[in-house]
$ cat run22.pdb   # PDB, C-alpha atoms and all ligand atoms
ATOM      1  CA  MET A 234       0.000   0.000   0.000  1.00  0.00           C
ATOM      2  CA  GLY A 235       2.848   2.386   0.771  1.00  0.00           C
ATOM      3  CA  TRP A 236       2.255   5.855   2.222  1.00  0.00           C
ATOM      4  CA  ILE A 237      -1.334   7.098   2.062  1.00  0.00           C
ATOM      5  CA  GLU A 238      -2.218  10.755   2.532  1.00  0.00           C
ATOM      6  CA  PHE A 239      -5.029  12.073   4.709  1.00  0.00           C
ATOM      7  CA  SER A 240      -5.543  15.628   5.942  1.00  0.00           C
ATOM      8  CA  GLY A 241      -1.925  16.794   6.065  1.00  0.00           C
ATOM      9  CA  HIS A 242      -0.353  13.537   7.236  1.00  0.00           C
ATOM     10  CA  CYS A 243       0.874  10.337   5.592  1.00  0.00           C
ATOM     11  CA  TYR A 244       0.188   6.854   6.947  1.00  0.00           C
ATOM     12  CA  PHE A 245       1.950   3.561   6.377  1.00  0.00           C
ATOM     13  CA  TYR A 246       0.097   0.362   7.239  1.00  0.00           C
ATOM     14  CA  ASN A 247       2.191  -2.504   8.630  1.00  0.00           C
ATOM     15  CA  GLN A 248       0.198  -5.708   8.617  1.00  0.00           C
ATOM     16  CA  SER A 249       2.785  -7.782  10.495  1.00  0.00           C
ATOM     17  CA  ARG A 250       1.840  -8.101  14.160  1.00  0.00           C
ATOM     18  CA  SER A 251       4.491  -6.682  16.475  1.00  0.00           C
ATOM     19  CA  LYS A 252       5.059  -5.776  20.109  1.00  0.00           C
ATOM     20  CA  TRP A 253       4.689  -2.055  20.787  1.00  0.00           C
ATOM     21  CA  ASP A 254       8.464  -1.442  21.104  1.00  0.00           C
ATOM     22  CA  ASP A 255       9.147  -3.235  17.833  1.00  0.00           C
ATOM     23  CA  ALA A 256       6.360  -1.328  16.104  1.00  0.00           C
ATOM     24  CA  LYS A 257       7.790   1.989  17.350  1.00  0.00           C
ATOM     25  CA  ALA A 258      11.268   0.997  16.164  1.00  0.00           C
ATOM     26  CA  ASP A 259       9.907   0.204  12.726  1.00  0.00           C
ATOM     27  CA  CYS A 260       8.228   3.620  12.487  1.00  0.00           C
ATOM     28  CA  ASP A 261      11.489   5.246  13.678  1.00  0.00           C
ATOM     29  CA  ARG A 262      13.287   3.581  10.776  1.00  0.00           C
ATOM     30  CA  LYS A 263      10.692   5.116   8.449  1.00  0.00           C
ATOM     31  CA  THR A 264      11.341   8.559  10.030  1.00  0.00           C
ATOM     32  CA  SER A 265       7.791   8.504  11.331  1.00  0.00           C
ATOM     33  CA  TYR A 266       5.921   7.678  14.550  1.00  0.00           C
ATOM     34  CA  LEU A 267       3.074   5.435  15.676  1.00  0.00           C
ATOM     35  CA  ILE A 268      -0.299   7.019  14.897  1.00  0.00           C
ATOM     36  CA  GLU A 269      -1.448   9.891  17.069  1.00  0.00           C
ATOM     37  CA  ILE A 270      -5.166  10.499  16.615  1.00  0.00           C
ATOM     38  CA  GLY A 271      -6.183  14.121  16.973  1.00  0.00           C
ATOM     39  CA  ASP A 272      -9.908  14.132  16.213  1.00  0.00           C
ATOM     40  CA  GLN A 273     -12.992  12.153  15.236  1.00  0.00           C
ATOM     41  CA  ASP A 274     -12.378  12.589  11.491  1.00  0.00           C
ATOM     42  CA  GLU A 275      -8.938  11.019  11.729  1.00  0.00           C
ATOM     43  CA  ASN A 276     -10.254   8.244  13.978  1.00  0.00           C
ATOM     44  CA  ASP A 277     -13.106   7.480  11.538  1.00  0.00           C
ATOM     45  CA  TRP A 278     -10.780   7.456   8.560  1.00  0.00           C
ATOM     46  CA  ILE A 279      -8.383   5.034  10.258  1.00  0.00           C
ATOM     47  CA  LYS A 280     -11.264   2.753  11.260  1.00  0.00           C
ATOM     48  CA  GLU A 281     -12.748   2.632   7.763  1.00  0.00           C
ATOM     49  CA  LYS A 282      -9.457   2.379   5.929  1.00  0.00           C
ATOM     50  CA  PHE A 283      -7.480  -0.049   8.084  1.00  0.00           C
ATOM     51  CA  LEU A 284      -9.959  -1.884  10.333  1.00  0.00           C
ATOM     52  CA  PRO A 285     -12.793  -2.740   7.932  1.00  0.00           C
ATOM     53  CA  ALA A 286     -12.852  -6.380   9.014  1.00  0.00           C
ATOM     54  CA  GLY A 287     -12.022  -5.921  12.694  1.00  0.00           C
ATOM     55  CA  GLY A 288      -8.611  -6.447  14.236  1.00  0.00           C
ATOM     56  CA  SER A 289      -6.469  -4.046  16.211  1.00  0.00           C
ATOM     57  CA  LEU A 290      -3.726  -1.477  15.651  1.00  0.00           C
ATOM     58  CA  TRP A 291      -1.094  -0.048  17.935  1.00  0.00           C
ATOM     59  CA  SER A 292      -1.106   3.698  18.366  1.00  0.00           C
ATOM     60  CA  GLY A 293       1.528   5.985  19.867  1.00  0.00           C
ATOM     61  CA  GLY A 294      -0.235   6.430  23.222  1.00  0.00           C
ATOM     62  CA  ARG A 295       1.266   5.302  26.557  1.00  0.00           C
ATOM     63  CA  ASP A 296       0.603   6.014  30.245  1.00  0.00           C
ATOM     64  CA  ASP A 297       4.031   5.363  31.788  1.00  0.00           C
ATOM     65  CA  VAL A 298       4.397   8.770  33.447  1.00  0.00           C
ATOM     66  CA  THR A 299       1.056   8.900  35.267  1.00  0.00           C
ATOM     67  CA  GLU A 300      -1.016   5.752  35.423  1.00  0.00           C
ATOM     68  CA  GLY A 301      -4.261   6.249  33.510  1.00  0.00           C
ATOM     69  CA  VAL A 302      -3.114   9.449  31.775  1.00  0.00           C
ATOM     70  CA  PHE A 303      -2.187   8.564  28.243  1.00  0.00           C
ATOM     71  CA  LEU A 304       0.202  10.781  26.287  1.00  0.00           C
ATOM     72  CA  TRP A 305       1.116  10.733  22.618  1.00  0.00           C
ATOM     73  CA  GLN A 306       4.718   9.633  22.704  1.00  0.00           C
ATOM     74  CA  GLN A 307       6.287  11.549  19.836  1.00  0.00           C
ATOM     75  CA  PHE A 308       6.143  14.880  21.697  1.00  0.00           C
ATOM     76  CA  GLN A 309       4.660  13.684  25.032  1.00  0.00           C
ATOM     77  CA  THR A 310       1.478  15.584  24.222  1.00  0.00           C
ATOM     78  CA  ALA A 311      -1.836  15.332  26.070  1.00  0.00           C
ATOM     79  CA  MET A 312      -4.801  13.919  24.177  1.00  0.00           C
ATOM     80  CA  SER A 313      -7.311  16.476  22.925  1.00  0.00           C
ATOM     81  CA  PHE A 314      -9.542  13.654  21.670  1.00  0.00           C
ATOM     82  CA  THR A 315     -10.182  10.168  23.057  1.00  0.00           C
ATOM     83  CA  ASN A 316     -12.431   7.340  21.916  1.00  0.00           C
ATOM     84  CA  TRP A 317     -12.308   4.693  24.645  1.00  0.00           C
ATOM     85  CA  VAL A 318     -14.444   1.593  24.711  1.00  0.00           C
ATOM     86  CA  PRO A 319     -16.855   2.138  27.641  1.00  0.00           C
ATOM     87  CA  GLY A 320     -15.065   0.912  30.779  1.00  0.00           C
ATOM     88  CA  GLU A 321     -11.580   1.378  29.303  1.00  0.00           C
ATOM     89  CA  PRO A 322      -8.827   1.935  30.251  1.00  0.00           C
ATOM     90  CA  ASN A 323      -9.169  -0.976  32.683  1.00  0.00           C
ATOM     91  CA  ASN A 324      -5.866  -2.866  32.962  1.00  0.00           C
ATOM     92  CA  GLY A 325      -3.956  -0.517  35.270  1.00  0.00           C
ATOM     93  CA  VAL A 326      -0.189  -0.655  35.521  1.00  0.00           C
ATOM     94  CA  HIS A 327      -0.002  -3.817  33.460  1.00  0.00           C
ATOM     95  CA  ALA A 328      -1.402  -2.123  30.369  1.00  0.00           C
ATOM     96  CA  GLN A 329       0.655   0.885  29.261  1.00  0.00           C
ATOM     97  CA  CYS A 330       0.047   0.967  25.503  1.00  0.00           C
ATOM     98  CA  LEU A 331      -2.941   2.260  23.555  1.00  0.00           C
ATOM     99  CA  GLU A 332      -4.648  -0.169  21.196  1.00  0.00           C
ATOM    100  CA  ILE A 333      -7.131   0.906  18.523  1.00  0.00           C
ATOM    101  CA  ARG A 334      -9.715  -1.844  18.190  1.00  0.00           C
ATOM    102  CA  ASN A 335     -12.285  -2.605  15.577  1.00  0.00           C
ATOM    103  CA  HIS A 336     -15.071  -0.011  15.454  1.00  0.00           C
ATOM    104  CA  GLY A 337     -12.278   2.491  16.096  1.00  0.00           C
ATOM    105  CA  LYS A 338     -12.650   2.270  19.859  1.00  0.00           C
ATOM    106  CA  TRP A 339      -9.638   2.411  22.192  1.00  0.00           C
ATOM    107  CA  SER A 340      -8.329   0.161  24.940  1.00  0.00           C
ATOM    108  CA  ASP A 341      -5.223   0.057  27.074  1.00  0.00           C
ATOM    109  CA  ALA A 342      -3.312  -3.155  26.338  1.00  0.00           C
ATOM    110  CA  TYR A 343      -0.191  -5.052  27.324  1.00  0.00           C
ATOM    111  CA  CYS A 344       2.736  -3.585  25.374  1.00  0.00           C
ATOM    112  CA  THR A 345       4.010  -7.100  24.703  1.00  0.00           C
ATOM    113  CA  ASP A 346       0.813  -7.993  22.830  1.00  0.00           C
ATOM    114  CA  LYS A 347       1.296  -8.168  19.096  1.00  0.00           C
ATOM    115  CA  TYR A 348      -0.795  -6.042  16.756  1.00  0.00           C
ATOM    116  CA  SER A 349      -0.545  -4.556  13.313  1.00  0.00           C
ATOM    117  CA  PHE A 350       0.324  -0.869  13.374  1.00  0.00           C
ATOM    118  CA  LEU A 351       0.211   2.403  11.489  1.00  0.00           C
ATOM    119  CA  CYS A 352       3.114   4.793  11.157  1.00  0.00           C
ATOM    120  CA  GLU A 353       2.358   8.468  10.630  1.00  0.00           C
ATOM    121  CA  LYS A 354       4.342  11.476   9.503  1.00  0.00           C
ATOM    122  CA  TYR A 355       3.811  15.015   8.329  1.00  0.00           C
ATOM    123  CA  ILE A 356       3.795  15.562   4.596  1.00  0.00           C
TER     124      ILE A 356
HETATM  125 CA    CA A 401      -1.803   1.781  32.378  1.00  0.00          CA
HETATM  126 CA    CA A 402      -7.853  -2.521  28.391  1.00  0.00          CA
END

$ encode --input "run22.pdb" --output "C-alpha cells"
Amino acid sequence: MGWIEFSGHCYFYNQSRSKWDDAKADCDRKTSYLIEIGDQDENDWIKEKFLPAGGSLWSGGRDDVTEGVFLWQQFQTAMSFTNWVPGEPNNGVHAQCLEIRNHGKWSDAYCTDKYSFLCEKYI
C-alpha cells in the first residue's frame, strides 16, 4: 500500500503483528511515529481504511508517566480527543500501551501484545 495521505499527514500500514516497542522501532526507521489520533475525522478514517474487518492497531499512546493518563509519545502531548471503549482503560499498571480496536474504539493493552500498526508522519 505504501504511504497514504489524509488531511496533512501520511500513513503507512504494517500488517505484520508486532510488540509495541518493535512497532515503534519500525516507524522510527521510516522517520515517522506510531499514529497519534487528533480528532474524530482522523479516527473514523483510520477505522474505515485499516480496520474494515475488525482487528487491532497499535497507536503511539502510553501512560508510563502517570497511570491512567495517556500521552502521545512523539512529543509527550496530552490527548485532545479520546475514543475509549466504555469501561476502558481498565488494565492498570499492566497495560501501558494504547490499542485501537475494531469499530475504532480504544483500549489500554499489554505492550508485549502483538498487533498490526500504522506509522504516521507530516507531509
Ligand atoms: Ca496503564
Ligand atoms: Ca484494556

$ resolve_selection --input "run22.pdb" --expression "the PyMOL selection byres (((chain A and resi 326) around 9) and not hetatm)" --output "PyMOL selection string"
chain A and resi 296-297+300-301+324-325+327-329

$ atom_distance --input "run22.pdb" --atom1 "atom CA of Asn323 of chain A" --atom2 "atom CA of Lys252 of chain A"
19.6 Å

$ axis_aligned_box --input "run22.pdb" --around "segment 320-339 of chain A" --padding-each-side "8 Å" --output "JSON"
{"center_x": -7.2, "center_y": -0.7, "center_z": 25.5, "size_x": 31.7, "size_y": 22.3, "size_z": 36.1}

$ closest_residue --input "run22.pdb" --among "A:Asp274, A:Asp261, A:Glu353, A:Glu332" --to "Phe303 of chain A" --atoms "only C-alpha atoms"
A:Glu332

$ residues_near_ligand --input "run22.pdb" --ligand "ligand CA 402 (chain A)" --cutoff "6 Å" --atoms "only C-alpha atoms and all ligand atoms" --output "list of chain:residue names"
A:Glu321, A:Pro322, A:Asn323, A:Asn324, A:Ser340, A:Asp341, A:Ala342

$ closest_residue --input "run22.pdb" --among "A:Val302, A:Ser292, A:Gly271, A:Trp253" --to "ligand CA 401 (chain A)" --atoms "all atoms listed in the file"
A:Val302

$ resolve_selection --input "run22.pdb" --expression "the PyMOL selection byres (((chain A and resi 345-349) around 10) and not hetatm)" --output "list in words"
Tyr246, Asn247, Gln248, Ser249, Arg250, Ser251, Lys252, Trp253, Asp254, Asp255, Ala256, Phe283, Gly288, Ser289, Leu290, Trp291, Ser292, Ala328, Gln329, Cys330, Glu332, Ile333, Arg334, Ala342, Tyr343, Cys344, Phe350 and Leu351 of chain A
